[in-house]
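The file structure.cif comes next; it holds mmCIF, C-alpha atoms.
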```
data_run
#
loop_
_atom_site.label_atom_id
_atom_site.label_comp_id
_atom_site.auth_asym_id
_atom_site.auth_seq_id
_atom_site.Cartn_x
_atom_site.Cartn_y
_atom_site.Cartn_z
CA MET A 275 -18.03 -6.20 -2.26
CA THR A 276 -21.51 -6.94 -3.56
CA ALA A 277 -23.99 -5.06 -5.71
CA ASP A 278 -25.53 -3.45 -2.65
CA ALA A 279 -22.15 -2.39 -1.23
CA PRO A 280 -21.82 1.11 0.21
CA ARG A 281 -21.13 3.91 -2.22
CA ARG A 282 -17.68 5.24 -1.29
CA LEU A 283 -15.00 2.83 -0.13
CA MET A 284 -11.79 3.82 1.69
CA LEU A 285 -8.94 1.29 1.78
CA LEU A 286 -6.14 1.81 4.29
CA ASP A 287 -2.63 0.49 3.68
CA THR A 288 -2.50 0.01 7.43
CA ALA A 289 1.18 -0.81 7.95
CA SER A 290 2.22 2.14 5.79
CA LEU A 291 0.09 4.42 7.97
CA TYR A 292 1.16 3.08 11.36
CA PHE A 293 4.81 3.32 10.31
CA ARG A 294 4.18 6.98 9.50
CA ALA A 295 2.37 7.46 12.79
CA TYR A 296 5.25 5.82 14.66
CA PHE A 297 7.83 8.17 13.16
CA GLY A 298 5.55 11.21 13.22
CA VAL A 299 4.33 11.04 16.84
CA PRO A 300 6.90 11.32 19.67
CA ASP A 301 7.61 8.09 21.56
CA SER A 302 7.00 10.07 24.72
CA VAL A 303 3.31 9.27 24.06
CA ARG A 304 2.98 6.30 26.40
CA ALA A 305 0.53 4.01 28.16
CA PRO A 306 0.09 4.17 31.96
CA ASP A 307 2.72 1.44 32.34
CA GLY A 308 5.24 3.42 30.25
CA SER A 309 4.87 1.43 27.01
CA PRO A 310 5.05 3.59 23.87
CA VAL A 311 1.70 3.91 22.11
CA ASN A 312 2.66 6.61 19.59
CA ALA A 313 1.84 4.39 16.59
CA VAL A 314 -1.52 3.35 18.09
CA ARG A 315 -2.65 6.85 18.95
CA GLY A 316 -1.21 8.31 15.76
CA LEU A 317 -3.10 5.80 13.61
CA LEU A 318 -6.37 6.50 15.46
CA ASP A 319 -5.87 10.22 14.84
CA PHE A 320 -5.13 9.48 11.17
CA ILE A 321 -8.34 7.48 10.77
CA ALA A 322 -10.40 10.15 12.54
CA ARG A 323 -9.06 12.84 10.20
CA LEU A 324 -9.57 10.69 7.10
CA VAL A 325 -13.18 9.87 8.01
CA GLN A 326 -13.90 13.49 8.93
CA ASP A 327 -12.42 14.91 5.72
CA HIS A 328 -13.52 12.28 3.18
CA ARG A 329 -16.67 10.72 4.66
CA PRO A 330 -16.38 7.17 3.30
CA ASP A 331 -19.39 4.87 3.57
CA ALA A 332 -17.11 1.87 4.05
CA LEU A 333 -13.58 1.50 5.37
CA VAL A 334 -11.23 -1.48 5.34
CA ALA A 335 -7.92 -1.65 7.21
CA CYS A 336 -5.87 -3.83 4.85
CA MET A 337 -3.12 -5.80 6.57
CA ASP A 338 0.17 -7.47 5.57
CA ALA A 339 -0.50 -11.11 6.46
CA ASP A 340 2.73 -11.77 4.53
CA TRP A 341 4.92 -8.75 3.76
CA ARG A 342 7.28 -10.80 1.52
CA PRO A 343 5.28 -13.59 -0.16
CA ALA A 344 7.26 -16.66 -1.19
CA TRP A 345 5.78 -16.61 -4.70
CA ARG A 346 7.27 -13.16 -5.30
CA VAL A 347 10.64 -14.12 -3.80
CA GLU A 348 10.74 -17.24 -5.97
CA LEU A 349 10.51 -15.05 -9.06
CA ILE A 350 12.90 -12.32 -7.84
CA PRO A 351 15.01 -13.49 -4.85
CA SER A 352 16.16 -9.93 -4.07
CA TYR A 353 12.56 -8.84 -3.44
CA LYS A 354 12.61 -6.97 -0.09
CA ALA A 355 15.62 -9.12 0.93
CA HIS A 356 17.39 -6.15 2.55
CA ARG A 357 14.47 -5.77 4.99
CA VAL A 358 14.57 -9.33 6.35
CA ALA A 359 15.40 -9.43 10.06
CA GLU A 360 15.20 -13.22 10.33
CA GLU A 361 14.39 -15.97 7.83
CA THR A 362 11.58 -18.33 8.87
CA PRO A 363 11.61 -21.66 6.96
CA SER A 364 8.03 -22.59 7.93
CA GLY A 365 6.37 -19.21 7.37
CA PRO A 366 6.78 -15.55 6.44
CA ASP A 367 10.21 -14.05 7.10
CA GLU A 368 10.42 -11.59 9.95
CA GLU A 369 10.64 -7.96 8.83
CA GLN A 370 12.97 -5.40 10.34
CA VAL A 371 10.68 -3.27 12.52
CA PRO A 372 11.69 -0.80 15.26
CA ASP A 373 11.76 -2.51 18.67
CA THR A 374 9.09 -0.23 20.15
CA LEU A 375 6.77 -0.52 17.14
CA SER A 376 6.34 -4.32 17.02
CA PRO A 377 4.51 -4.54 20.39
CA GLN A 378 2.07 -1.84 19.25
CA VAL A 379 0.80 -3.78 16.22
CA PRO A 380 -1.33 -6.28 18.22
CA VAL A 381 -2.78 -3.34 20.16
CA ILE A 382 -3.71 -1.62 16.89
CA GLU A 383 -5.40 -4.81 15.68
CA ALA A 384 -7.32 -5.27 18.94
CA VAL A 385 -8.55 -1.66 18.94
CA LEU A 386 -9.71 -1.85 15.31
CA ASP A 387 -11.55 -5.10 16.06
CA ALA A 388 -13.26 -3.64 19.13
CA LEU A 389 -14.27 -0.58 17.13
CA GLY A 390 -15.75 -2.77 14.42
CA VAL A 391 -13.48 -1.45 11.66
CA ALA A 392 -13.06 -4.19 9.06
CA ARG A 393 -9.51 -5.57 9.17
CA VAL A 394 -8.52 -7.86 6.29
CA GLY A 395 -5.28 -9.74 5.70
CA VAL A 396 -4.85 -12.97 3.74
CA ALA A 397 -2.07 -15.53 4.21
CA GLY A 398 0.45 -15.44 1.36
CA TYR A 399 -0.45 -11.89 0.29
CA GLU A 400 0.56 -8.33 1.06
CA ALA A 401 -1.86 -5.57 1.99
CA ASP A 402 -1.28 -4.17 -1.53
CA ASP A 403 -2.84 -7.33 -2.98
CA VAL A 404 -5.86 -7.09 -0.69
CA ILE A 405 -6.24 -3.45 -1.74
CA GLY A 406 -5.92 -4.34 -5.43
CA THR A 407 -8.57 -7.05 -5.15
CA LEU A 408 -11.02 -4.85 -3.22
CA ALA A 409 -10.50 -1.90 -5.57
CA GLY A 410 -11.12 -4.14 -8.56
CA ARG A 411 -14.37 -5.48 -7.12
CA ALA A 412 -15.75 -2.14 -5.91
CA ASP A 413 -18.80 -0.77 -7.67
CA GLY A 414 -18.30 2.82 -6.52
CA PRO A 415 -15.50 5.35 -5.92
CA VAL A 416 -12.45 4.10 -4.04
CA ASP A 417 -9.95 6.13 -2.00
CA ILE A 418 -6.71 4.23 -1.31
CA VAL A 419 -4.74 5.78 1.55
CA THR A 420 -1.07 4.82 1.41
CA GLY A 421 2.44 6.15 1.73
CA ASP A 422 3.56 3.57 -0.85
CA ARG A 423 3.79 4.79 -4.44
CA ASP A 424 3.51 1.21 -5.73
CA LEU A 425 -0.27 1.57 -5.44
CA TYR A 426 -0.32 4.37 -8.02
CA GLN A 427 -0.78 1.49 -10.49
CA LEU A 428 -4.40 1.15 -9.30
CA VAL A 429 -5.39 4.72 -10.20
CA ASP A 430 -8.33 4.61 -12.62
CA ASP A 431 -10.36 7.75 -13.33
CA ALA A 432 -13.08 5.83 -15.18
CA ARG A 433 -13.78 3.74 -12.08
CA GLY A 434 -13.19 6.54 -9.57
CA VAL A 435 -10.12 4.89 -8.01
CA ARG A 436 -7.58 7.37 -6.65
CA VAL A 437 -4.69 7.31 -4.19
CA LEU A 438 -4.53 9.66 -1.21
CA TYR A 439 -0.82 9.95 -0.47
CA PRO A 440 0.09 11.59 2.87
CA LEU A 441 2.54 14.46 2.52
CA LYS A 442 2.34 15.62 6.14
CA GLY A 443 0.37 13.44 8.51
CA VAL A 444 -2.95 12.86 6.79
CA GLY A 445 -4.03 16.47 7.00
CA THR A 446 -2.16 17.20 3.77
CA LEU A 447 -2.83 14.55 1.15
CA GLN A 448 -1.73 14.39 -2.46
CA LEU A 449 -4.81 13.39 -4.46
CA THR A 450 -3.34 11.12 -7.09
CA ASP A 451 -5.46 10.70 -10.20
CA GLU A 452 -4.56 10.03 -13.85
CA ALA A 453 -3.96 13.72 -14.60
CA TRP A 454 -1.46 13.94 -11.74
CA LEU A 455 0.29 10.73 -12.84
CA ARG A 456 0.60 11.95 -16.43
CA GLN A 457 1.97 15.29 -15.31
CA LYS A 458 4.47 13.72 -12.90
CA TYR A 459 5.47 10.49 -14.65
CA ALA A 460 3.91 10.69 -18.15
CA VAL A 461 2.01 7.42 -17.54
CA ASP A 462 -1.42 6.26 -16.41
CA GLY A 463 -2.12 3.82 -13.55
CA PRO A 464 -1.18 0.54 -15.28
CA GLY A 465 1.72 2.37 -16.93
CA TYR A 466 3.11 3.19 -13.49
CA ALA A 467 3.67 -0.54 -12.80
CA ASP A 468 5.61 -0.85 -16.06
CA LEU A 469 7.59 2.29 -15.23
CA ALA A 470 8.52 0.90 -11.80
CA LEU A 471 9.46 -2.45 -13.34
CA LEU A 472 11.84 -0.84 -15.84
CA ARG A 473 13.53 1.72 -13.59
CA GLY A 474 13.65 -0.60 -10.56
CA ASP A 475 12.93 0.18 -6.93
CA PRO A 476 15.75 -0.18 -4.37
CA SER A 477 13.27 0.05 -1.47
CA ASP A 478 11.66 -3.19 -2.70
CA GLY A 479 14.85 -4.85 -3.94
CA LEU A 480 13.78 -4.64 -7.60
CA PRO A 481 16.87 -4.29 -9.82
CA GLY A 482 15.15 -2.81 -12.87
CA VAL A 483 16.85 -2.70 -16.27
CA PRO A 484 20.38 -1.27 -15.97
CA GLY A 485 20.69 2.11 -17.65
CA ILE A 486 16.91 2.61 -17.91
CA GLY A 487 15.95 5.37 -15.51
CA GLU A 488 12.56 6.95 -14.91
CA LYS A 489 12.62 9.40 -17.82
CA THR A 490 13.91 6.85 -20.32
CA ALA A 491 11.32 4.33 -19.14
CA ALA A 492 8.54 6.89 -19.61
CA LYS A 493 9.78 7.70 -23.14
CA LEU A 494 9.93 4.02 -24.08
CA LEU A 495 6.41 3.44 -22.73
CA ALA A 496 5.13 6.45 -24.68
CA GLU A 497 6.74 5.02 -27.83
CA TYR A 498 5.85 1.34 -27.47
CA GLY A 499 2.81 1.28 -25.15
CA ASP A 500 3.84 -1.20 -22.49
CA VAL A 501 6.63 -3.59 -21.48
CA ALA A 502 5.49 -6.21 -23.99
CA GLY A 503 5.64 -3.59 -26.74
CA ILE A 504 9.12 -2.51 -25.66
CA MET A 505 10.41 -6.09 -25.68
CA ALA A 506 8.87 -6.64 -29.12
CA ALA A 507 10.84 -3.57 -30.26
CA VAL A 508 14.05 -5.23 -29.04
CA ASP A 509 13.44 -7.97 -31.62
CA ASP A 510 12.50 -5.52 -34.38
CA PRO A 511 15.61 -4.21 -36.16
CA ARG A 512 13.52 -1.33 -37.55
CA SER A 513 12.58 0.00 -34.09
CA LYS A 514 14.03 3.29 -32.83
CA LEU A 515 15.75 1.80 -29.78
CA THR A 516 19.36 2.92 -29.39
CA PRO A 517 21.98 0.16 -29.56
CA ALA A 518 22.61 0.55 -25.80
CA GLN A 519 18.89 0.32 -24.95
CA ARG A 520 18.46 -2.73 -27.17
CA ARG A 521 21.45 -4.47 -25.56
CA ARG A 522 20.40 -3.68 -21.99
CA LEU A 523 16.82 -4.78 -22.52
CA ASP A 524 17.97 -7.93 -24.31
CA GLU A 525 20.30 -8.78 -21.41
CA SER A 526 17.42 -8.22 -18.96
CA ARG A 527 14.93 -10.59 -20.61
CA GLU A 528 14.92 -13.01 -17.69
CA TYR A 529 14.08 -10.22 -15.22
CA VAL A 530 11.50 -8.59 -17.51
CA ALA A 531 9.75 -11.94 -18.01
CA VAL A 532 9.03 -12.44 -14.30
CA ALA A 533 8.94 -8.88 -12.93
CA PRO A 534 5.35 -8.04 -13.98
CA LYS A 535 3.92 -10.68 -11.62
CA VAL A 536 6.07 -9.33 -8.77
CA VAL A 537 5.46 -5.61 -9.39
CA ARG A 538 1.75 -5.72 -10.18
CA VAL A 539 -0.59 -6.15 -7.25
CA ALA A 540 -2.72 -9.28 -7.28
CA GLY A 541 -6.36 -8.79 -8.14
CA ASP A 542 -7.60 -12.25 -7.23
CA VAL A 543 -6.92 -12.62 -3.51
CA PRO A 544 -9.36 -15.09 -1.85
CA LEU A 545 -10.91 -12.69 0.63
CA PRO A 546 -12.74 -13.79 3.79
CA ALA A 547 -16.26 -12.63 4.52
CA PHE A 548 -16.34 -9.27 6.30
CA ASP A 549 -18.52 -6.20 6.78
CA PRO A 550 -16.86 -3.07 5.33
CA VAL A 551 -19.53 -0.64 6.50
CA LEU A 552 -18.06 2.15 8.61
CA PRO A 553 -19.22 1.58 12.21
CA ARG A 554 -21.18 4.34 13.92
CA GLU A 555 -20.62 2.90 17.39
CA PRO A 556 -18.14 0.36 18.81
CA LYS A 557 -18.70 -3.30 18.07
CA ASP A 558 -17.43 -4.27 21.55
CA PRO A 559 -17.76 -1.27 23.89
CA ALA A 560 -16.56 -3.15 26.99
CA GLU A 561 -13.40 -4.40 25.29
CA LEU A 562 -12.75 -0.97 23.81
CA GLU A 563 -13.08 0.60 27.25
CA ARG A 564 -10.64 -1.94 28.65
CA LEU A 565 -8.13 -1.27 25.86
CA ALA A 566 -8.50 2.49 26.28
CA ALA A 567 -7.70 2.25 30.00
CA ARG A 568 -4.91 -0.33 29.58
CA TRP A 569 -3.10 1.62 26.85
CA GLY A 570 -4.06 5.19 27.71
CA LEU A 571 -5.67 5.92 24.35
CA GLY A 572 -7.36 9.06 25.69
CA GLY A 573 -8.20 11.84 23.29
CA SER A 574 -7.13 9.92 20.17
CA LEU A 575 -9.82 7.29 20.67
CA GLU A 576 -12.40 9.84 21.81
CA ARG A 577 -11.84 11.93 18.67
CA LEU A 578 -12.33 8.87 16.44
CA LEU A 579 -15.49 7.80 18.28
CA THR A 580 -16.92 11.32 17.93
CA VAL A 581 -16.22 11.37 14.18
CA LEU A 582 -17.72 7.89 13.67
CA ALA A 583 -20.87 8.82 15.59
CA ALA A 584 -21.33 11.95 13.45
#
```
Go ahead and render the structure in this file as structure tokens.
Amino acid sequence: MTADAPRRLMLLDTASLYFRAYFGVPDSVRAPDGSPVNAVRGLLDFIARLVQDHRPDALVACMDADWRPAWRVELIPSYKAHRVAEETPSGPDEEQVPDTLSPQVPVIEAVLDALGVARVGVAGYEADDVIGTLAGRADGPVDIVTGDRDLYQLVDDARGVRVLYPLKGVGTLQLTDEAWLRQKYAVDGPGYADLALLRGDPSDGLPGVPGIGEKTAAKLLAEYGDVAGIMAAVDDPRSKLTPAQRRRLDESREYVAVAPKVVRVAGDVPLPAFDPVLPREPKDPAELERLAARWGLGGSLERLLTVLAA
């Protein structure tokens, strides 16, 4: 984003949203040839509602070019290991995805491209990293739309960065700012990454520090500031750590040393050139018309086009 970038930026954690659409819209929603298009149509409805309700000036659909980057796995081999469907020696491992969702992803990408919605993914990085880099470079307010709590770490009131977390579809969103984080977890945005590191996250294959749950992690962060402060307290015999906490943290030094790079989203992704401005009309009307007919996108696409034109 440059100095003359649009004022309000919306960043979509696209895979998170199309997964939600897939499970939230019946698979009886199908194309003329009988192929399920529930994720496609659900995502288009999501985007229409988000644009209508929040009126961003720019919107970027951030993609997982690599959902399990090798540099993260090298540091913590268990990272997302339980979600691997097939290991691929020459490239990203294949993720476990429902059989009827996988064929819809290329359709989603083609529709976004024909609409002219910026779609950004970078080899070797997750969508979270693209989001972190774009949020860090933005010069105005940023709304991050995701069903992944990992991105709470980017919340920053001073810079106007907040997370819109879908509770039911995208019609009911939890507006996550620093006040909400402090009330819920007793941490700020960066503190959430440290909290997640300490308590672990089974959904991402992060072991955490044994015996350090969410509440204990929050108390330790309140006492010592961050993970580095906590580990310094392990080496300080005068610190208030209990013998059990000191032992567990000491035994977890190897994990704690590498986990920050795995848990924290990258802020330095080499992004390609792209135009984030929200399109008012389709970039490729003929292709969009073809896709609409081929996949039976009907009212979902019409609603989005109407909202964009407004």
Quick check on the file I pasted: which residues fall under the PyMOL selection byres ((chain A and resi 469-480) around 9)? Write them as a PDB file with C-alpha atoms, keeping the file's coordinate frame.
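And here's out_8.pdb as it stands now:
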```pdb
ATOM      1  CA  ILE A 350      12.900 -12.320  -7.840  1.00  0.00           C
ATOM      2  CA  PRO A 351      15.010 -13.490  -4.850  1.00  0.00           C
ATOM      3  CA  SER A 352      16.160  -9.930  -4.070  1.00  0.00           C
ATOM      4  CA  TYR A 353      12.560  -8.840  -3.440  1.00  0.00           C
ATOM      5  CA  LYS A 354      12.610  -6.970  -0.090  1.00  0.00           C
ATOM      6  CA  ALA A 355      15.620  -9.120   0.930  1.00  0.00           C
ATOM      7  CA  HIS A 356      17.390  -6.150   2.550  1.00  0.00           C
ATOM      8  CA  ARG A 357      14.470  -5.770   4.990  1.00  0.00           C
ATOM      9  CA  ASP A 424       3.510   1.210  -5.730  1.00  0.00           C
ATOM     10  CA  TYR A 459       5.470  10.490 -14.650  1.00  0.00           C
ATOM     11  CA  VAL A 461       2.010   7.420 -17.540  1.00  0.00           C
ATOM     12  CA  PRO A 464      -1.180   0.540 -15.280  1.00  0.00           C
ATOM     13  CA  GLY A 465       1.720   2.370 -16.930  1.00  0.00           C
ATOM     14  CA  TYR A 466       3.110   3.190 -13.490  1.00  0.00           C
ATOM     15  CA  ALA A 467       3.670  -0.540 -12.800  1.00  0.00           C
ATOM     16  CA  ASP A 468       5.610  -0.850 -16.060  1.00  0.00           C
ATOM     17  CA  PRO A 481      16.870  -4.290  -9.820  1.00  0.00           C
ATOM     18  CA  GLY A 482      15.150  -2.810 -12.870  1.00  0.00           C
ATOM     19  CA  VAL A 483      16.850  -2.700 -16.270  1.00  0.00           C
ATOM     20  CA  PRO A 484      20.380  -1.270 -15.970  1.00  0.00           C
ATOM     21  CA  GLY A 485      20.690   2.110 -17.650  1.00  0.00           C
ATOM     22  CA  ILE A 486      16.910   2.610 -17.910  1.00  0.00           C
ATOM     23  CA  GLY A 487      15.950   5.370 -15.510  1.00  0.00           C
ATOM     24  CA  GLU A 488      12.560   6.950 -14.910  1.00  0.00           C
ATOM     25  CA  LYS A 489      12.620   9.400 -17.820  1.00  0.00           C
ATOM     26  CA  THR A 490      13.910   6.850 -20.320  1.00  0.00           C
ATOM     27  CA  ALA A 491      11.320   4.330 -19.140  1.00  0.00           C
ATOM     28  CA  ALA A 492       8.540   6.890 -19.610  1.00  0.00           C
ATOM     29  CA  LEU A 495       6.410   3.440 -22.730  1.00  0.00           C
ATOM     30  CA  ASP A 500       3.840  -1.200 -22.490  1.00  0.00           C
ATOM     31  CA  VAL A 501       6.630  -3.590 -21.480  1.00  0.00           C
ATOM     32  CA  VAL A 530      11.500  -8.590 -17.510  1.00  0.00           C
ATOM     33  CA  ALA A 533       8.940  -8.880 -12.930  1.00  0.00           C
ATOM     34  CA  PRO A 534       5.350  -8.040 -13.980  1.00  0.00           C
ATOM     35  CA  VAL A 536       6.070  -9.330  -8.770  1.00  0.00           C
ATOM     36  CA  VAL A 537       5.460  -5.610  -9.390  1.00  0.00           C
ATOM     37  CA  ARG A 538       1.750  -5.720 -10.180  1.00  0.00           C
TER      38      ARG A 538
END
```
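Take the candidates A:Ala409, A:Ala502, A:Ala432, A:Ala453 and check each one against Gly541 in chain A using all atoms listed in the file; the shortest distance goes to A:Ala409.
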- Item | Residue IDs satisfying the PyMOL selection byres ((chain A and resi 287-297) around 6), as a list in words | Leu286, Gly298, Val299, Asn312, Ala313, Gly316, Leu317, Ala335, Cys336, Met337, Thr420 and Gly421 of chain A
Dump as a PDB file, keeping the file's coordinate frame, selection limited to C-alpha atoms:
```pdb
ATOM      1  CA  LEU A 286      -6.140   1.810   4.290  1.00  0.00           C
ATOM      2  CA  GLY A 298       5.550  11.210  13.220  1.00  0.00           C
ATOM      3  CA  VAL A 299       4.330  11.040  16.840  1.00  0.00           C
ATOM      4  CA  ASN A 312       2.660   6.610  19.590  1.00  0.00           C
ATOM      5  CA  ALA A 313       1.840   4.390  16.590  1.00  0.00           C
ATOM      6  CA  GLY A 316      -1.210   8.310  15.760  1.00  0.00           C
ATOM      7  CA  LEU A 317      -3.100   5.800  13.610  1.00  0.00           C
ATOM      8  CA  ALA A 335      -7.920  -1.650   7.210  1.00  0.00           C
ATOM      9  CA  CYS A 336      -5.870  -3.830   4.850  1.00  0.00           C
ATOM     10  CA  MET A 337      -3.120  -5.800   6.570  1.00  0.00           C
ATOM     11  CA  THR A 420      -1.070   4.820   1.410  1.00  0.00           C
ATOM     12  CA  GLY A 421       2.440   6.150   1.730  1.00  0.00           C
TER      13      GLY A 421
END
```
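Interatomic distance, CA of Leu389 in chain A to CA of Ala339 in chain A: 20.4 Å.
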- Message: Give me, as a PyMOL selection string, all polymer residues having an atom no more than 12 Å from Arg282 in chain A, counting all atoms listed in the file and skipping those fewer than 6 positions away in the same chain.
- Response: chain A and resi 275+325+328-334+409+412-418+433-436+550-552
- Would you translate the PyMOL selection byres ((chain A and resi 574) around 6) into the concrete set of residues it matches in this file, as an MDAnalysis selection string? chainID A and resid 315 318:319 571:573 575:577
- Task: Name the closest residue to Leu579 in chain A among the candidates A:Ala506, A:Ala384, A:Ala566, A:Ala401; distances are taken between atoms, counting all atoms listed in the file.
- Result: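 Once distances to Leu579 in chain A are computed over all atoms listed in the file, the minimum belongs to A:Ala566.
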Export: range 422-479 of chain A, C-alpha atoms, as a PDB file, in the first residue's frame:
```pdb
ATOM      1  CA  ASP A 422      -9.106 -17.718  12.903  1.00  0.00           C
ATOM      2  CA  ARG A 423      -8.290 -16.309  16.343  1.00  0.00           C
ATOM      3  CA  ASP A 424      -4.561 -16.390  15.536  1.00  0.00           C
ATOM      4  CA  LEU A 425      -5.017 -13.018  13.831  1.00  0.00           C
ATOM      5  CA  TYR A 426      -6.064 -11.368  17.100  1.00  0.00           C
ATOM      6  CA  GLN A 427      -2.325 -10.698  17.455  1.00  0.00           C
ATOM      7  CA  LEU A 428      -2.644  -7.956  14.796  1.00  0.00           C
ATOM      8  CA  VAL A 429      -5.235  -5.916  16.721  1.00  0.00           C
ATOM      9  CA  ASP A 430      -3.872  -2.399  17.250  1.00  0.00           C
ATOM     10  CA  ASP A 431      -6.190   0.411  18.363  1.00  0.00           C
ATOM     11  CA  ALA A 432      -3.590   3.113  17.710  1.00  0.00           C
ATOM     12  CA  ARG A 433      -3.407   2.108  14.040  1.00  0.00           C
ATOM     13  CA  GLY A 434      -7.100   1.274  13.674  1.00  0.00           C
ATOM     14  CA  VAL A 435      -6.508  -2.442  13.050  1.00  0.00           C
ATOM     15  CA  ARG A 436      -9.329  -4.674  14.270  1.00  0.00           C
ATOM     16  CA  VAL A 437     -10.558  -8.204  13.613  1.00  0.00           C
ATOM     17  CA  LEU A 438     -14.115  -8.921  12.486  1.00  0.00           C
ATOM     18  CA  TYR A 439     -14.755 -12.470  13.677  1.00  0.00           C
ATOM     19  CA  PRO A 440     -17.885 -14.160  12.263  1.00  0.00           C
ATOM     20  CA  LEU A 441     -20.166 -15.585  14.944  1.00  0.00           C
ATOM     21  CA  LYS A 442     -23.036 -16.488  12.615  1.00  0.00           C
ATOM     22  CA  GLY A 443     -22.395 -16.103   8.909  1.00  0.00           C
ATOM     23  CA  VAL A 444     -21.002 -12.604   8.511  1.00  0.00           C
ATOM     24  CA  GLY A 445     -24.199 -10.883   9.562  1.00  0.00           C
ATOM     25  CA  THR A 446     -23.154 -11.194  13.200  1.00  0.00           C
ATOM     26  CA  LEU A 447     -19.524 -10.218  13.688  1.00  0.00           C
ATOM     27  CA  GLN A 448     -17.519  -9.896  16.874  1.00  0.00           C
ATOM     28  CA  LEU A 449     -15.624  -6.605  16.598  1.00  0.00           C
ATOM     29  CA  THR A 450     -12.317  -7.470  18.212  1.00  0.00           C
ATOM     30  CA  ASP A 451     -10.339  -4.491  19.478  1.00  0.00           C
ATOM     31  CA  GLU A 452      -7.881  -4.091  22.363  1.00  0.00           C
ATOM     32  CA  ALA A 453     -10.642  -3.512  24.927  1.00  0.00           C
ATOM     33  CA  TRP A 454     -12.319  -6.778  23.921  1.00  0.00           C
ATOM     34  CA  LEU A 455      -9.009  -8.669  24.041  1.00  0.00           C
ATOM     35  CA  ARG A 456      -8.185  -7.333  27.504  1.00  0.00           C
ATOM     36  CA  GLN A 457     -11.624  -8.227  28.798  1.00  0.00           C
ATOM     37  CA  LYS A 458     -11.541 -11.733  27.302  1.00  0.00           C
ATOM     38  CA  TYR A 459      -7.870 -12.708  27.585  1.00  0.00           C
ATOM     39  CA  ALA A 460      -6.227  -9.956  29.687  1.00  0.00           C
ATOM     40  CA  VAL A 461      -3.738  -9.221  26.860  1.00  0.00           C
ATOM     41  CA  ASP A 462      -3.332  -6.819  23.946  1.00  0.00           C
ATOM     42  CA  GLY A 463      -2.725  -7.815  20.310  1.00  0.00           C
ATOM     43  CA  PRO A 464       0.976  -8.758  20.525  1.00  0.00           C
ATOM     44  CA  GLY A 465       0.259 -10.336  23.910  1.00  0.00           C
ATOM     45  CA  TYR A 466      -2.229 -12.688  22.258  1.00  0.00           C
ATOM     46  CA  ALA A 467       0.602 -14.290  20.234  1.00  0.00           C
ATOM     47  CA  ASP A 468       2.555 -14.888  23.446  1.00  0.00           C
ATOM     48  CA  LEU A 469      -0.561 -16.271  25.137  1.00  0.00           C
ATOM     49  CA  ALA A 470      -1.150 -18.702  22.255  1.00  0.00           C
ATOM     50  CA  LEU A 471       2.510 -19.736  22.293  1.00  0.00           C
ATOM     51  CA  LEU A 472       2.428 -20.579  25.998  1.00  0.00           C
ATOM     52  CA  ARG A 473      -0.935 -22.349  26.200  1.00  0.00           C
ATOM     53  CA  GLY A 474      -0.515 -24.115  22.845  1.00  0.00           C
ATOM     54  CA  ASP A 475      -3.065 -24.653  20.099  1.00  0.00           C
ATOM     55  CA  PRO A 476      -4.090 -28.227  19.199  1.00  0.00           C
ATOM     56  CA  SER A 477      -5.790 -27.028  15.988  1.00  0.00           C
ATOM     57  CA  ASP A 478      -2.377 -25.858  14.721  1.00  0.00           C
ATOM     58  CA  GLY A 479      -0.316 -28.637  16.298  1.00  0.00           C
TER      59      GLY A 479
END
```
